[in-house]
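Chemist: For reference, the file structure_34.pdb (PDB, C-alpha atoms) is included below:
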MODEL        1
ATOM      1  CA  MET P   1       0.000   0.000   0.000
ATOM      2  CA  PRO P   2       1.443   3.391  -0.918
ATOM      3  CA  THR P   3       1.981   6.019   1.804
ATOM      4  CA  ARG P   4      -0.786   8.186   0.393
ATOM      5  CA  PRO P   5      -3.728   5.932   1.396
ATOM      6  CA  VAL P   6      -2.349   5.667   4.949
ATOM      7  CA  SER P   7      -2.217   9.457   5.240
ATOM      8  CA  LEU P   8      -5.705   9.620   3.685
ATOM      9  CA  LEU P   9      -6.946   7.251   6.387
ATOM     10  CA  GLU P  10      -5.402   9.419   9.106
ATOM     11  CA  ARG P  11      -6.752  12.626   7.601
ATOM     12  CA  GLU P  12     -10.287  11.365   6.917
ATOM     13  CA  LEU P  13     -10.696   9.765  10.344
ATOM     14  CA  SER P  14      -8.792  12.525  12.180
ATOM     15  CA  VAL P  15      -6.615  10.018  13.961
ATOM     16  CA  SER P  16      -2.904   9.462  14.293
ATOM     17  CA  LEU P  17      -2.255   5.823  13.438
ATOM     18  CA  PRO P  18       0.360   3.948  15.471
ATOM     19  CA  GLU P  19       3.662   3.424  13.636
ATOM     20  CA  PRO P  20       3.569  -0.403  13.834
ATOM     21  CA  TYR P  21       0.132  -0.411  12.179
ATOM     22  CA  LYS P  22       1.215   2.030   9.459
ATOM     23  CA  SER P  23       4.365   0.057   8.671
ATOM     24  CA  VAL P  24       2.373  -3.178   8.327
ATOM     25  CA  LEU P  25      -0.130  -1.483   6.001
ATOM     26  CA  LEU P  26       2.741  -0.193   3.878
ATOM     27  CA  ALA P  27       4.370  -3.646   3.637
ATOM     28  CA  TYR P  28       1.266  -5.834   3.816
ATOM     29  CA  PRO P  29       2.228  -9.367   4.916
ATOM     30  CA  PHE P  30      -0.894 -11.379   4.065
ATOM     31  CA  ALA P  31      -1.937 -13.020   0.797
ATOM     32  CA  ALA P  32      -5.240 -12.327  -0.925
ATOM     33  CA  GLY P  33      -7.961 -14.678   0.263
ATOM     34  CA  SER P  34      -6.183 -15.526   3.498
ATOM     35  CA  VAL P  35      -7.498 -15.245   7.033
ATOM     36  CA  GLY P  36      -4.965 -12.491   7.602
ATOM     37  CA  GLU P  37      -6.590 -10.415   4.880
ATOM     38  CA  GLU P  38      -9.868 -10.511   6.851
ATOM     39  CA  MET P  39      -8.357  -9.990  10.289
ATOM     40  CA  LEU P  40      -6.172  -7.097   9.139
ATOM     41  CA  VAL P  41      -7.926  -5.272   6.335
ATOM     42  CA  ALA P  42      -5.714  -3.125   4.100
ATOM     43  CA  ASP P  43      -8.532  -1.732   1.942
ATOM     44  CA  VAL P  44      -8.653   1.967   2.851
ATOM     45  CA  GLU P  45     -12.180   2.466   1.500
ATOM     46  CA  TRP P  46     -13.475  -0.410   3.650
ATOM     47  CA  LEU P  47     -11.667   0.950   6.707
ATOM     48  CA  LEU P  48     -13.029   4.461   6.146
ATOM     49  CA  GLU P  49     -16.582   3.262   5.559
ATOM     50  CA  ARG P  50     -16.743   0.914   8.551
ATOM     51  CA  ASN P  51     -15.045   3.304  10.988
ATOM     52  CA  ARG P  52     -17.289   6.188   9.915
ATOM     53  CA  ALA P  53     -20.348   3.968  10.396
ATOM     54  CA  ASN P  54     -19.174   3.076  13.916
ATOM     55  CA  ASN P  55     -18.896   6.777  14.801
ATOM     56  CA  ARG P  56     -22.515   7.543  13.909
ATOM     57  CA  ALA P  57     -25.015   8.257  16.652
ATOM     58  CA  VAL P  58     -26.689   5.180  18.090
ATOM     59  CA  ALA P  59     -30.452   4.886  18.587
ATOM     60  CA  PRO P  60     -31.662   5.231  22.192
ATOM     61  CA  GLY P  61     -31.637   1.932  24.060
ATOM     62  CA  LYS P  62     -28.981   0.411  21.769
ATOM     63  CA  ARG P  63     -25.478  -0.193  22.997
ATOM     64  CA  ASP P  64     -22.624   1.705  21.430
ATOM     65  CA  LYS P  65     -20.247  -0.243  19.223
ATOM     66  CA  PRO P  66     -16.576   0.494  19.762
ATOM     67  CA  SER P  67     -15.576   3.637  17.884
ATOM     68  CA  LEU P  68     -12.799   6.128  17.322
ATOM     69  CA  SER P  69     -14.340   8.377  19.972
ATOM     70  CA  GLN P  70     -13.371   5.603  22.417
ATOM     71  CA  GLY P  71      -9.885   5.380  20.889
ATOM     72  CA  LEU P  72     -10.676   2.164  18.975
ATOM     73  CA  LEU P  73     -10.049   1.799  15.237
ATOM     74  CA  LEU P  74     -11.738  -1.107  13.437
ATOM     75  CA  ILE P  75      -8.940  -2.953  11.634
ATOM     76  CA  GLY P  76     -10.445  -6.330  10.755
ATOM     77  CA  ILE P  77     -13.093  -8.995  11.124
ATOM     78  CA  ASP P  78     -13.175 -12.771  11.405
ATOM     79  CA  GLY P  79     -15.741 -13.190   8.635
ATOM     80  CA  GLY P  80     -18.420 -13.927  11.217
ATOM     81  CA  GLU P  81     -19.452 -12.254  14.430
ATOM     82  CA  LEU P  82     -16.124 -10.856  15.622
ATOM     83  CA  GLU P  83     -14.549  -7.487  14.887
ATOM     84  CA  TYR P  84     -11.009  -6.443  15.787
ATOM     85  CA  TYR P  85     -10.169  -2.951  17.037
ATOM     86  CA  LEU P  86      -6.783  -1.337  17.497
ATOM     87  CA  ARG P  87      -6.448   0.821  20.611
ATOM     88  CA  VAL P  88      -4.890   3.911  19.009
ATOM     89  CA  ASN P  89      -4.495   6.085  22.107
ATOM     90  CA  SER P  90      -2.310   3.776  24.154
ATOM     91  CA  SER P  91       1.376   2.980  24.306
ATOM     92  CA  THR P  92       0.850  -0.781  23.776
ATOM     93  CA  ASN P  93      -1.649  -0.545  20.923
ATOM     94  CA  ALA P  94      -3.608  -3.504  22.236
ATOM     95  CA  VAL P  95      -6.049  -5.172  19.862
ATOM     96  CA  MET P  96      -9.542  -5.660  21.183
ATOM     97  CA  GLU P  97     -12.086  -8.252  20.064
ATOM     98  CA  TYR P  98     -15.742  -7.191  19.849
ATOM     99  CA  CYS P  99     -18.439  -9.865  19.626
ATOM    100  CA  LEU P 100     -21.413  -8.614  17.614
ATOM    101  CA  GLU P 101     -23.705 -11.211  19.182
ATOM    102  CA  THR P 102     -22.971 -10.542  22.850
ATOM    103  CA  GLN P 103     -21.754  -6.950  22.358
ATOM    104  CA  GLN P 104     -18.784  -7.703  24.604
ATOM    105  CA  LEU P 105     -15.392  -6.091  24.123
ATOM    106  CA  SER P 106     -12.330  -7.972  25.371
ATOM    107  CA  GLU P 107      -8.590  -7.888  24.817
ATOM    108  CA  PHE P 108      -7.492 -10.204  22.010
ATOM    109  CA  ALA P 109      -3.799  -9.293  21.957
ATOM    110  CA  ALA P 110      -1.784  -7.133  24.343
ATOM    111  CA  SER P 111       0.017  -5.414  21.467
ATOM    112  CA  PHE P 112      -0.239  -5.026  17.719
ATOM    113  CA  ALA P 113       2.831  -7.255  17.281
ATOM    114  CA  GLN P 114       1.108 -10.011  19.276
ATOM    115  CA  TYR P 115      -1.984  -9.559  17.100
ATOM    116  CA  LEU P 116       0.092 -10.169  13.967
ATOM    117  CA  GLU P 117       1.605 -13.243  15.594
ATOM    118  CA  ARG P 118      -1.853 -14.601  16.471
ATOM    119  CA  ILE P 119      -2.991 -14.100  12.867
ATOM    120  CA  ARG P 120       0.052 -16.002  11.602
ATOM    121  CA  GLN P 121      -0.623 -18.757  14.130
ATOM    122  CA  ILE P 122      -4.264 -19.051  13.002
ATOM    123  CA  GLU P 123      -3.164 -19.154   9.363
ATOM    124  CA  SER P 124      -0.626 -21.902  10.059
ATOM    125  CA  GLU P 125      -3.252 -23.949  11.947
ATOM    126  CA  ILE P 126      -5.650 -23.614   9.017
ATOM    127  CA  GLY P 127      -2.876 -24.589   6.592
ATOM    128  CA  ALA P 128      -2.056 -27.675   8.672
ATOM    129  CA  GLU P 129      -5.746 -28.672   8.746
ATOM    130  CA  GLU P 130      -5.975 -28.295   4.959
ATOM    131  CA  VAL P 131      -2.907 -30.493   4.441
ATOM    132  CA  LEU P 132      -4.347 -33.086   6.818
ATOM    133  CA  GLY P 133      -7.691 -32.993   4.972
ATOM    134  CA  GLU P 134      -5.967 -33.528   1.631
ATOM    135  CA  ALA P 135      -3.993 -36.438   3.063
ATOM    136  CA  ARG P 136      -7.192 -38.000   4.390
ATOM    137  CA  ALA P 137      -8.890 -37.580   1.025
ATOM    138  CA  ARG P 138      -5.992 -39.368  -0.698
ATOM    139  CA  ALA P 139      -6.164 -42.167   1.887
ATOM    140  CA  ILE P 140      -9.791 -43.023   1.050
ATOM    141  CA  PRO P 141      -9.868 -46.143  -1.149
ATOM    142  CA  LYS P 142     -11.211 -45.794  -4.697
ATOM    143  CA  TRP P 143     -14.081 -48.195  -4.028
ATOM    144  CA  ARG P 144     -15.423 -45.826  -1.331
ATOM    145  CA  HIS P 145     -15.541 -42.985  -3.847
ATOM    146  CA  ALA P 146     -17.375 -45.283  -6.268
ATOM    147  CA  LEU P 147     -19.754 -46.330  -3.506
ATOM    148  CA  ARG P 148     -20.653 -42.702  -2.825
ATOM    149  CA  PHE P 149     -21.411 -42.217  -6.506
ATOM    150  CA  TYR P 150     -23.317 -45.443  -7.215
ATOM    151  CA  THR P 151     -25.389 -45.682  -4.015
ATOM    152  CA  PRO P 152     -27.923 -42.965  -4.985
ATOM    153  CA  ALA P 153     -28.186 -44.457  -8.488
ATOM    154  CA  ALA P 154     -28.814 -47.938  -7.052
ATOM    155  CA  ILE P 155     -31.497 -46.590  -4.716
ATOM    156  CA  ALA P 156     -33.214 -44.815  -7.609
ATOM    157  CA  LEU P 157     -33.194 -47.992  -9.724
ATOM    158  CA  LEU P 158     -34.550 -49.986  -6.781
ATOM    159  CA  PHE P 159     -37.462 -47.603  -6.493
ATOM    160  CA  VAL P 160     -38.206 -47.530 -10.207
ATOM    161  CA  PHE P 161     -38.020 -51.277 -10.827
ATOM    162  CA  VAL P 162     -39.057 -52.781  -7.464
ATOM    163  CA  VAL P 163     -40.851 -50.467  -5.026
ATOM    164  CA  ILE P 164     -43.099 -48.628  -7.458
ATOM    165  CA  PRO P 165     -44.219 -51.831  -9.294
ATOM    166  CA  LEU P 166     -44.930 -53.529  -5.940
ATOM    167  CA  ILE P 167     -47.025 -50.587  -4.835
ATOM    168  CA  ALA P 168     -48.883 -50.573  -8.148
ATOM    169  CA  PHE P 169     -49.441 -54.357  -7.923
ATOM    170  CA  GLY P 170     -50.685 -53.983  -4.341
ATOM    171  CA  ILE P 171     -53.141 -51.261  -5.280
ATOM    172  CA  ARG P 172     -54.404 -53.276  -8.268
ATOM    173  CA  SER P 173     -54.805 -56.400  -6.096
ATOM    174  CA  LEU P 174     -56.623 -54.427  -3.419
ATOM    175  CA  TYR P 175     -58.965 -52.949  -6.021
ATOM    176  CA  ARG P 176     -59.782 -56.409  -7.453
ATOM    177  CA  TRP P 177     -60.436 -57.738  -3.954
ATOM    178  CA  MET P 178     -62.831 -54.873  -3.205
ATOM    179  CA  VAL P 179     -64.679 -55.219  -6.520
ATOM    180  CA  GLU P 180     -65.220 -58.966  -6.177
TER
ENDMDL
END
With the file now loaded, output its structure as structure tokens.

Modeler:
Amino acid sequence: MPTRPVSLLERELSVSLPEPYKSVLLAYPFAAGSVGEEMLVADVEWLLERNRANNRAVAPGKRDKPSLSQGLLLIGIDGGELEYYLRVNSSTNAVMEYCLETQQLSEFAASFAQYLERIRQIESEIGAEEVLGEARARAIPKWRHALRFYTPAAIALLFVFVVIPLIAFGIRSLYRWMVE
């Protein structure tokens, strides 16, 4: 990411971004489509839109979401019900986790560096699970794959050539019995 979008983000949100966060945005470490791309969003338009939305007034009776007015910058999501906020007005730059379902805010990582490490750890765990899944898929014998394919076809043929004719024969026999 060029320096210009980072300064645009600071200017538009009227916030001074922590140096570790800016340096990571400038040399973005995560691949497209990865978990890291969700948990640490580098898209300036997305960041501007979501952080502006969080700063809007909240209807009476509704709880406030974390916002820049509280010193929290939305930096990522988990693709589900969790949002990640960077504490911009502190020396540690802790990353907070906000659950949309329970509306609870808790510390996810004590510092931004720890947050990056947790993302890398999550990505490596997912990678290991994918490798394990591929190994399991290769370990399944060919006949089991064939069985998964042919079982529905065999059931359909059984219905067409056995069950349906038996039902039809039973109905015809019952009708003859009632007529006689």

Chemist: With distances taken over all atoms listed in the file, which residue among P:Cys99, P:Ala32, P:Ala109, P:Leu17 lies nearest Leu68 in chain P?

Modeler: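 So, comparing all the options, the nearest one is P:Leu17.
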
Chemist: Report, in Å with one decimal, the straight-line distance from CA of Phe112 in chain P to CA of Thr92 in chain P.

Modeler: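 So the answer is 7.5 Å.
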
Chemist: Which protein, DNA or RNA residues have an atom at most 9 Å from (-6.6, -2.8, 14.7), counting all atoms listed in the file? List them as a PDB file with C-alpha atoms, in the coordinates of the input.

Modeler:
ATOM      1  CA  TYR P  21       0.132  -0.411  12.179  1.00  0.00           C
ATOM      2  CA  MET P  39      -8.357  -9.990  10.289  1.00  0.00           C
ATOM      3  CA  LEU P  40      -6.172  -7.097   9.139  1.00  0.00           C
ATOM      4  CA  VAL P  41      -7.926  -5.272   6.335  1.00  0.00           C
ATOM      5  CA  LEU P  72     -10.676   2.164  18.975  1.00  0.00           C
ATOM      6  CA  LEU P  73     -10.049   1.799  15.237  1.00  0.00           C
ATOM      7  CA  LEU P  74     -11.738  -1.107  13.437  1.00  0.00           C
ATOM      8  CA  ILE P  75      -8.940  -2.953  11.634  1.00  0.00           C
ATOM      9  CA  GLY P  76     -10.445  -6.330  10.755  1.00  0.00           C
ATOM     10  CA  TYR P  84     -11.009  -6.443  15.787  1.00  0.00           C
ATOM     11  CA  TYR P  85     -10.169  -2.951  17.037  1.00  0.00           C
ATOM     12  CA  LEU P  86      -6.783  -1.337  17.497  1.00  0.00           C
ATOM     13  CA  ARG P  87      -6.448   0.821  20.611  1.00  0.00           C
ATOM     14  CA  VAL P  88      -4.890   3.911  19.009  1.00  0.00           C
ATOM     15  CA  ASN P  93      -1.649  -0.545  20.923  1.00  0.00           C
ATOM     16  CA  ALA P  94      -3.608  -3.504  22.236  1.00  0.00           C
ATOM     17  CA  VAL P  95      -6.049  -5.172  19.862  1.00  0.00           C
ATOM     18  CA  MET P  96      -9.542  -5.660  21.183  1.00  0.00           C
ATOM     19  CA  PHE P 112      -0.239  -5.026  17.719  1.00  0.00           C
ATOM     20  CA  TYR P 115      -1.984  -9.559  17.100  1.00  0.00           C
TER      21      TYR P 115
END

Chemist: How many Å lie between CA of Gly71 in chain P and CA of Ala110 in chain P, rounded to one decimal?

Modeler: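 Computing it gives 15.3 Å between the two atoms.
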
Chemist: Find the residues around Glu10 in chain P up to 12 Å (only C-alpha atoms counted), leave out those fewer than 4 positions away in its own chain, and share them as a PyMOL selection string.

Modeler: chain P and resi 3-6+14-19+21-22+44+47-48+51+68+73+88

Chemist: So how many Å separate CA of Val35 in chain P and CA of Gln114 in chain P, to one decimal?

Modeler: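 Distance reported for this atom pair: 15.9 Å.
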
Chemist: Compile the contact shell of Asp78 in chain P as a ChimeraX atom specification: residues with an atom at most 7 Å away, counting only C-alpha atoms, same-chain residues fewer than 4 positions apart removed.

Modeler: /P:38-39,82-83

Chemist: Box for range 3-8 of chain P: with edges along x, y and z, all listed atoms inside and 5 Å added on each side, what are the centre and edge lengths in Å to one decimal, as lines of an AutoDock Vina configuration file?

Modeler:
center_x = -1.9
center_y = 7.6
center_z = 2.8
size_x = 17.7
size_y = 14.0
size_z = 14.8

Chemist: Residues within 6 Å of (-11.2, -9.1, 25.4), file coordinates, counting all atoms listed in the file: what are they? Give the list as a ChimeraX atom specification.

Modeler: /P:96-97,105-108

Chemist: Just the residues within 12 Å of Glu123 in chain P, please, counting all atoms listed in the file, with nothing from its chain fewer than 4 positions along; format it as a PyMOL selection string.

Modeler: chain P and resi 30-31+33-39+116-119+127-130

Chemist: Can you complete the atoms of range 86-99 of chain P to N, CA, C and O atoms and list them as a short mmCIF file (atom, residue, chain, number, x, y, z; two decimals), in the frame of the given file?

Modeler:
data_model
loop_
_atom_site.label_atom_id
_atom_site.label_comp_id
_atom_site.auth_asym_id
_atom_site.auth_seq_id
_atom_site.Cartn_x
_atom_site.Cartn_y
_atom_site.Cartn_z
N LEU P 86 -8.10 -1.75 17.02
CA LEU P 86 -6.78 -1.34 17.50
C LEU P 86 -6.96 -0.16 18.45
O LEU P 86 -7.63 0.82 18.11
N ARG P 87 -6.40 -0.28 19.63
CA ARG P 87 -6.45 0.82 20.61
C ARG P 87 -5.38 1.83 20.18
O ARG P 87 -4.19 1.58 20.33
N VAL P 88 -5.82 2.95 19.61
CA VAL P 88 -4.89 3.91 19.01
C VAL P 88 -4.32 4.91 20.01
O VAL P 88 -3.29 5.51 19.74
N ASN P 89 -4.95 5.09 21.14
CA ASN P 89 -4.50 6.08 22.11
C ASN P 89 -3.77 5.47 23.28
O ASN P 89 -3.87 5.95 24.40
N SER P 90 -3.05 4.39 23.05
CA SER P 90 -2.31 3.78 24.15
C SER P 90 -0.89 3.46 23.69
O SER P 90 -0.61 3.39 22.50
N SER P 91 -0.02 3.25 24.65
CA SER P 91 1.38 2.98 24.31
C SER P 91 1.56 1.56 23.78
O SER P 91 2.47 1.29 23.00
N THR P 92 0.69 0.62 24.20
CA THR P 92 0.85 -0.78 23.78
C THR P 92 0.14 -1.10 22.47
O THR P 92 0.46 -2.07 21.83
N ASN P 93 -0.83 -0.28 22.12
CA ASN P 93 -1.65 -0.55 20.92
C ASN P 93 -2.26 -1.94 20.97
O ASN P 93 -2.13 -2.73 20.05
N ALA P 94 -2.93 -2.22 22.08
CA ALA P 94 -3.61 -3.50 22.24
C ALA P 94 -4.69 -3.65 21.18
O ALA P 94 -5.25 -2.66 20.70
N VAL P 95 -4.98 -4.89 20.82
CA VAL P 95 -6.05 -5.17 19.86
C VAL P 95 -7.19 -5.81 20.64
O VAL P 95 -7.00 -6.79 21.36
N MET P 96 -8.36 -5.21 20.48
CA MET P 96 -9.54 -5.66 21.18
C MET P 96 -10.44 -6.46 20.24
O MET P 96 -10.48 -6.20 19.04
N GLU P 97 -11.16 -7.41 20.82
CA GLU P 97 -12.09 -8.25 20.06
C GLU P 97 -13.50 -7.89 20.51
O GLU P 97 -13.80 -7.90 21.71
N TYR P 98 -14.36 -7.55 19.54
CA TYR P 98 -15.74 -7.19 19.85
C TYR P 98 -16.67 -8.24 19.24
O TYR P 98 -16.62 -8.50 18.04
N CYS P 99 -17.49 -8.85 20.09
CA CYS P 99 -18.44 -9.86 19.63
C CYS P 99 -19.76 -9.18 19.29
O CYS P 99 -20.39 -8.57 20.17
#
